[in-house]
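S.K.: File name query-v2.csv; file contents CSV, C-alpha atoms and all ligand atoms; full text below.
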chain,number,residue,atom,x,y,z
A,1,MET,CA,63.2,-15.6,37.6
A,2,GLU,CA,66.2,-17.1,39.3
A,3,THR,CA,69.3,-18.1,37.4
A,4,LEU,CA,69.4,-21.7,36.0
A,5,VAL,CA,72.5,-23.5,37.3
A,6,SER,CA,74.2,-26.7,36.5
A,7,LYS,CA,77.6,-28.2,37.2
A,8,THR,CA,79.9,-25.8,35.3
A,9,ILE,CA,77.6,-23.2,33.7
A,10,LYS,CA,74.5,-21.1,34.5
A,11,LEU,CA,71.9,-19.3,32.3
A,12,ARG,CA,71.0,-15.8,33.3
A,13,LEU,CA,68.6,-13.4,31.5
A,14,VAL,CA,70.0,-11.0,29.0
A,15,LEU,CA,70.6,-7.4,30.0
A,16,GLU,CA,71.1,-4.3,27.8
A,17,SER,CA,74.7,-4.3,29.0
A,18,ASP,CA,75.2,-7.6,27.1
A,19,ALA,CA,74.7,-5.9,23.7
A,20,GLU,CA,78.4,-5.8,22.9
A,21,PHE,CA,79.0,-9.4,23.9
A,22,ILE,CA,76.1,-10.6,21.8
A,23,ILE,CA,77.3,-8.6,18.8
A,24,SER,CA,80.8,-10.0,19.2
A,25,LEU,CA,79.4,-13.5,19.1
A,26,ARG,CA,77.1,-13.0,16.2
A,27,ASN,CA,79.7,-11.2,14.1
A,28,ASP,CA,82.3,-13.8,14.7
A,29,GLU,CA,82.7,-16.0,11.6
A,30,ARG,CA,83.6,-19.0,13.7
A,31,TYR,CA,80.0,-19.1,15.0
A,32,ASN,CA,77.7,-17.3,12.6
A,33,LYS,CA,77.9,-19.5,9.5
A,34,HIS,CA,74.6,-21.2,10.3
A,35,LEU,CA,72.8,-18.3,12.0
A,36,SER,CA,70.5,-15.6,10.6
A,37,GLN,CA,72.4,-12.3,10.2
A,38,THR,CA,72.0,-9.6,12.8
A,39,ASN,CA,72.7,-5.9,12.5
A,40,GLY,CA,76.2,-5.4,13.9
A,41,ASP,CA,75.7,-2.1,15.7
A,42,VAL,CA,75.5,-1.8,19.5
A,43,GLU,CA,72.6,0.8,19.5
A,44,THR,CA,70.4,-1.5,17.3
A,45,GLN,CA,71.2,-4.4,19.6
A,46,ILE,CA,70.3,-2.4,22.7
A,47,GLN,CA,67.0,-1.5,21.0
A,48,TRP,CA,66.4,-5.2,20.2
A,49,ILE,CA,67.1,-6.2,23.8
A,50,LYS,CA,64.7,-3.5,25.1
A,51,GLU,CA,61.9,-4.9,22.8
A,52,TYR,CA,62.8,-8.4,23.9
A,53,LYS,CA,62.5,-7.4,27.6
A,54,ASN,CA,58.8,-6.6,27.0
A,55,LYS,CA,58.3,-10.1,25.6
A,56,GLU,CA,60.1,-11.5,28.6
A,57,LYS,CA,57.8,-9.5,30.9
A,58,ASN,CA,54.8,-11.0,29.0
A,59,LYS,CA,56.4,-14.5,29.3
A,60,GLU,CA,56.6,-14.8,25.5
A,61,GLU,CA,60.3,-15.3,25.2
A,62,TYR,CA,63.5,-15.9,27.3
A,63,TYR,CA,66.9,-14.9,26.2
A,64,PHE,CA,69.8,-16.1,28.3
A,65,ILE,CA,73.5,-15.4,28.5
A,66,VAL,CA,75.4,-18.6,29.2
A,67,GLU,CA,78.1,-18.0,31.9
A,68,ARG,CA,80.7,-20.3,33.4
A,69,ASN,CA,80.1,-20.7,37.1
A,70,ASP,CA,83.1,-18.4,37.6
A,71,GLY,CA,81.2,-15.6,35.9
A,72,VAL,CA,82.9,-15.6,32.5
A,73,PRO,CA,80.2,-15.3,29.7
A,74,CYS,CA,80.6,-18.0,27.1
A,75,GLY,CA,77.4,-17.9,25.0
A,76,THR,CA,73.7,-17.3,24.4
A,77,VAL,CA,70.5,-19.3,24.1
A,78,ARG,CA,66.9,-18.3,23.5
A,79,LEU,CA,63.5,-19.8,24.1
A,80,TYR,CA,60.7,-18.4,21.8
A,81,ASP,CA,57.8,-19.1,19.5
A,82,PHE,CA,55.6,-20.4,22.3
A,83,ASN,CA,52.2,-21.9,21.7
A,84,SER,CA,49.9,-23.7,24.1
A,85,GLU,CA,51.9,-27.0,23.9
A,86,SER,CA,55.3,-26.4,22.4
A,87,PHE,CA,58.3,-24.0,22.5
A,88,CYS,CA,61.2,-23.5,20.2
A,89,TRP,CA,64.8,-22.8,21.1
A,90,GLY,CA,67.7,-21.4,19.2
A,91,SER,CA,70.2,-18.5,19.0
A,92,TRP,CA,72.5,-21.1,20.6
A,93,ILE,CA,76.1,-20.1,20.5
A,94,LEU,CA,79.0,-21.1,22.7
A,95,ASN,CA,82.4,-19.5,22.3
A,96,THR,CA,85.9,-20.7,23.2
A,97,GLU,CA,85.4,-19.8,26.9
A,98,LYS,CA,82.9,-22.6,27.2
A,99,THR,CA,83.5,-25.5,29.5
A,100,ARG,CA,83.8,-29.0,27.9
A,101,TYR,CA,80.2,-30.0,28.4
A,102,SER,CA,78.5,-26.6,28.1
A,103,ALA,CA,76.5,-27.8,25.1
A,104,ILE,CA,75.0,-30.7,27.0
A,105,GLU,CA,74.5,-28.7,30.2
A,106,SER,CA,72.9,-25.7,28.4
A,107,ALA,CA,70.5,-28.0,26.4
A,108,LEU,CA,69.5,-29.8,29.6
A,109,LEU,CA,68.9,-26.5,31.4
A,110,VAL,CA,66.7,-25.2,28.6
A,111,TYR,CA,64.6,-28.4,28.6
A,112,LYS,CA,64.4,-28.6,32.3
A,113,TYR,CA,63.2,-25.0,32.5
A,114,ALA,CA,60.7,-25.3,29.6
A,115,PHE,CA,59.3,-28.7,30.5
A,116,GLU,CA,59.4,-28.5,34.3
A,117,GLU,CA,58.8,-24.8,35.1
A,118,LEU,CA,57.0,-23.5,32.0
A,119,LYS,CA,55.1,-26.8,31.6
A,120,PHE,CA,55.5,-27.2,27.9
A,121,GLN,CA,54.6,-30.7,26.5
A,122,ARG,CA,56.8,-30.6,23.5
A,123,CYS,CA,59.7,-28.7,21.9
A,124,HIS,CA,60.2,-27.9,18.2
A,125,PHE,CA,63.2,-26.4,16.5
A,126,ASP,CA,65.1,-26.3,13.2
A,127,VAL,CA,68.7,-26.7,12.3
A,128,ARG,CA,70.3,-25.7,9.0
A,129,LYS,CA,70.9,-28.8,6.9
A,130,ASP,CA,74.6,-28.0,6.4
A,131,ASN,CA,75.2,-27.5,10.2
A,132,ILE,CA,76.3,-31.2,10.4
A,133,LYS,CA,77.7,-31.2,13.9
A,134,VAL,CA,74.6,-29.6,15.4
A,135,ASN,CA,72.2,-31.9,13.6
A,136,GLN,CA,74.3,-34.8,15.1
A,137,PHE,CA,74.2,-33.3,18.5
A,138,HIS,CA,70.4,-33.2,18.6
A,139,LEU,CA,69.9,-36.6,17.1
A,140,LYS,CA,72.3,-38.0,19.7
A,141,PHE,CA,70.4,-36.1,22.4
A,142,GLY,CA,67.1,-37.9,21.5
A,143,ALA,CA,65.4,-35.4,19.2
A,144,THR,CA,63.3,-36.8,16.3
A,145,LYS,CA,63.6,-35.4,12.8
A,146,VAL,CA,60.0,-34.6,11.8
A,147,GLY,CA,60.4,-32.7,8.5
A,148,GLU,CA,62.4,-30.4,6.4
A,149,THR,CA,62.3,-27.2,4.4
A,150,GLY,CA,64.7,-26.2,1.7
A,151,LYS,CA,67.4,-25.2,4.1
A,152,ASP,CA,66.4,-26.7,7.5
A,153,PHE,CA,65.8,-30.0,9.2
A,154,LEU,CA,62.8,-29.8,11.6
A,155,TYR,CA,62.9,-31.6,15.0
A,156,GLU,CA,60.8,-32.3,18.0
A,157,ILE,CA,61.8,-33.6,21.4
A,158,TYR,CA,59.6,-34.6,24.3
A,159,PRO,CA,60.0,-34.5,28.1
A,160,ASP,CA,60.5,-38.3,28.2
A,161,ASP,CA,63.4,-38.1,25.7
A,162,VAL,CA,65.0,-35.5,28.0
A,163,GLU,CA,64.5,-37.7,31.1
A,164,ARG,CA,66.5,-40.4,29.4
A,165,MET,CA,69.3,-37.9,28.7
A,166,LYS,CA,69.3,-36.7,32.3
A,167,VAL,CA,70.0,-40.2,33.4
A,168,LYS,CA,72.7,-40.7,30.7
A,169,TYR,CA,74.5,-37.4,31.6
A,170,LYS,CA,74.1,-37.6,35.3
A,171,LYS,CA,77.9,-38.0,35.8
A,172,ILE,CA,78.8,-35.2,33.4
A,173,VAL,CA,76.4,-32.5,34.5
A,174,GLY,CA,76.1,-33.4,38.2
B,1,LIG,C1,75.9,-25.2,18.7
B,1,LIG,C2,77.0,-25.1,19.7
B,1,LIG,C3,76.5,-24.2,20.8
B,1,LIG,C4,77.2,-26.5,20.3
B,1,LIG,O1,78.3,-26.5,21.2
B,1,LIG,P1,79.6,-27.4,21.0
B,1,LIG,O2,80.5,-27.2,22.2
B,1,LIG,O3,80.2,-27.2,19.7
B,1,LIG,O4,78.9,-28.9,21.1
B,1,LIG,P2,79.6,-30.3,20.9
B,1,LIG,O5,78.7,-31.1,20.0
B,1,LIG,O6,81.0,-30.2,20.6
B,1,LIG,O7,79.4,-30.9,22.4
B,1,LIG,C5,80.3,-30.6,23.5
B,1,LIG,C6,80.9,-31.8,24.0
B,1,LIG,O8,79.9,-32.8,24.4
B,1,LIG,C7,80.1,-34.0,23.8
B,1,LIG,N1,78.8,-34.5,23.4
B,1,LIG,C8,77.8,-33.9,22.7
B,1,LIG,N2,76.8,-34.7,22.6
B,1,LIG,C9,77.1,-35.8,23.3
B,1,LIG,C10,76.4,-37.0,23.6
B,1,LIG,N3,75.1,-37.2,23.2
B,1,LIG,N4,77.0,-38.0,24.3
B,1,LIG,C11,78.2,-37.8,24.7
B,1,LIG,N5,78.9,-36.7,24.5
B,1,LIG,C12,78.4,-35.7,23.8
B,1,LIG,C13,80.9,-33.6,22.5
B,1,LIG,O9,81.6,-34.8,22.0
B,1,LIG,C14,81.8,-32.6,23.1
B,1,LIG,O10,82.9,-33.2,23.8
B,1,LIG,P3,84.4,-33.2,23.3
B,1,LIG,O11,84.8,-31.8,23.3
B,1,LIG,O12,85.0,-34.1,24.2
B,1,LIG,O13,84.3,-33.7,21.9
B,1,LIG,C15,78.3,-24.5,19.1
B,1,LIG,O14,78.9,-25.5,18.2
B,1,LIG,C16,78.2,-23.2,18.4
B,1,LIG,O15,78.2,-22.2,19.0
B,1,LIG,N6,78.0,-23.3,17.0
B,1,LIG,C17,77.9,-22.1,16.2
B,1,LIG,C18,76.5,-21.5,16.3
B,1,LIG,C19,75.4,-22.5,15.8
B,1,LIG,O16,75.6,-23.2,14.8
B,1,LIG,N7,74.4,-22.7,16.6
B,1,LIG,C20,73.3,-23.6,16.4
B,1,LIG,C21,72.3,-23.0,15.6
B,1,LIG,S1,70.9,-24.1,15.3
Here is a file; write its structure as structure tokens.

M.R.:
Amino acid sequence: METLVSKTIKLRLVLESDAEFIISLRNDERYNKHLSQTNGDVETQIQWIKEYKNKEKNKEEYYFIVERNDGVPCGTVRLYDFNSESFCWGSWILNTEKTRYSAIESALLVYKYAFEELKFQRCHFDVRKDNIKVNQFHLKFGATKVGETGKDFLYEIYPDDVERMKVKYKKIVG
């Protein structure tokens, strides 16, 4: 699969050599407050990536490094939990190297790939209830809150919602 590119960032598939970068993000207290904990050791991460690569080959999951268009890595994002109609995304982190609108650009790239290339009809995801900013991001982006568990709000978003966002953000994301 080719790299997914927008105005200031691109998404490229994770490699074993990204293990250290991923660990540095996931162990950083600025970013991991609302994420599930990962084992902080490089060898374990490499093993995890190897197992992920099998899922990638089977088209079950896609894990991307977010890079600025000048090549500096600035985050991660993952598409997973596929069923016949819907996909989930998460593991979404952007560090201080991000460009101003990396969040909007990366969300649009994920939806574009999943809806237009992979042909999913719906997206489902969850956000920790106390992750106020990220809940606001998704609501503003056109997602609908469809439920909750003890710790998460559950959302859905459809291709039509994303089409509206594409128009709205045309100037920003080019
Ligand atoms: C989740 C994460 C990747 C989002 O990235 P972010 O850069 O914080 O996203 P923001 O909401 O600040 O959006 C980026 C910019 O787009 C703007 N923006 C976001 N949504 C917008 C909208 N609908 N319309 C207009 N502008 C919008 C923001 O205001 C911000 O611009 P600013 O810097 O001028 O204020 C990042 O916060 C992160 O890594 N968090 C830690 C990990 C985490 O919690 N991940 C989510 C797990 S579910």

S.K.: Using all atoms listed in the file, which residue out of A:Ala103, A:Val162, A:Leu13, A:Cys123 lies closest to ligand LIG 1 (chain B)?

M.R.: A:Ala103

S.K.: Which of these residues is nearest to Tyr63 in chain A, using only C-alpha atoms: A:Thr144, A:Gln37, A:Thr149, A:Ser91?

M.R.: A:Ser91

S.K.: Could you build a table of the residues in range 67-96 of chain A lying no more than 10 Å from range 14-18 of chain A, giving for each the nearest pair of atoms and their separation in Å rounded to one decimal place, using all atoms listed in the file, ordered by chain and ascending residue number, as a Markdown table?

M.R.:
| residue | atom | partner | partner_atom | distance |
| --- | --- | --- | --- | --- |
| A:Pro73 | CA | A:Asp18 | CA | 9.5 |
| A:Thr76 | CA | A:Val14 | CA | 8.6 |
| A:Val77 | CA | A:Val14 | CA | 9.7 |
| A:Arg78 | CA | A:Val14 | CA | 9.7 |

S.K.: Would you write out those residues with C-alpha atoms, as a compact mmCIF listing (two decimals), in the coordinates of the input?

M.R.:
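For reference, selection-v1.txt as written:
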# COMPACT_ATOMS: atom_id res chain seq x y z
CA PRO A 73 80.20 -15.30 29.70
CA THR A 76 73.70 -17.30 24.40
CA VAL A 77 70.50 -19.30 24.10
CA ARG A 78 66.90 -18.30 23.50

S.K.: For ligand LIG 1 (chain B), list the contacting residues at 8 Å or closer, counting only C-alpha atoms and all ligand atoms, as a PyMOL selection string.

M.R.: chain A and resi 30-35+75+90-95+98+100-104+126-128+131+133-134+136-138+140-141+169

S.K.: Considering only C-alpha atoms, return as JSON, numbers by chain whatever protein or nucleic-acid residues lie within 8 Å of range 53-62 of chain A, sequence-local ones (same chain, fewer than 2 positions apart) excluded.

M.R.: {"A": [13, 49, 50, 51, 64, 78, 79, 80, 81, 82]}

S.K.: For CA of Thr99 in chain A and CA of Ile23 in chain A, quote the distance in Å rounded to one decimal.

M.R.: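 Between CA of Thr99 in chain A and CA of Ile23 in chain A the gap works out to 20.9 Å.
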
S.K.: One decimal, in Å: what's the spacing between CA of Leu25 in chain A and CA of Cys74 in chain A?

M.R.: 9.3 Å

S.K.: Hey, can you check how far CA of Leu109 in chain A sits from CA of Asn27 in chain A?

M.R.: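 These atoms are spaced 25.5 Å apart.
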
S.K.: Just checking: using all atoms listed in the file, which residue out of A:Tyr52, A:Trp89, A:Phe21, A:Phe153 ends up closest to Ala107 in chain A?

M.R.: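 Looking at the shortest contact to Ala107 in chain A, the residue is A:Trp89.
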
S.K.: For the point (67.0, -22.4, 38.1) in file coordinates, what residues are within 10 Å, counting all atoms listed in the file? Give the answer as a PyMOL selection string?

M.R.: chain A and resi 1-6+10-12+109-110+112-113+117

S.K.: Measuring atom to atom with all atoms listed in the file, identify which of A:Glu20, A:Asp161, A:Glu67, A:Glu97 is nearest to Thr44 in chain A.

M.R.: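 Answer, going by the shortest atom-to-atom distance: A:Glu20.
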
S.K.: Between A:Asp152, A:Glu163, A:Glu116, A:Asp41, which is the closest to Ser24 in chain A once you count only C-alpha atoms?

M.R.: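 Looking at the shortest contact to Ser24 in chain A, the residue is A:Asp41.
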
S.K.: Excluding Phe125 in chain A and residues on its chain fewer than 5 positions from it, collect all residues at most 7 Å away from it, counting all atoms listed in the file, and give them as a list in words.

M.R.: Cys88, Trp89, Leu154, Tyr155 and Glu156 of chain A

S.K.: Of the candidates A:Thr96, A:Gln121, A:Asn39, A:Asn135, which one gets nearest to Arg68 in chain A if we count all atoms listed in the file?

M.R.: A:Thr96
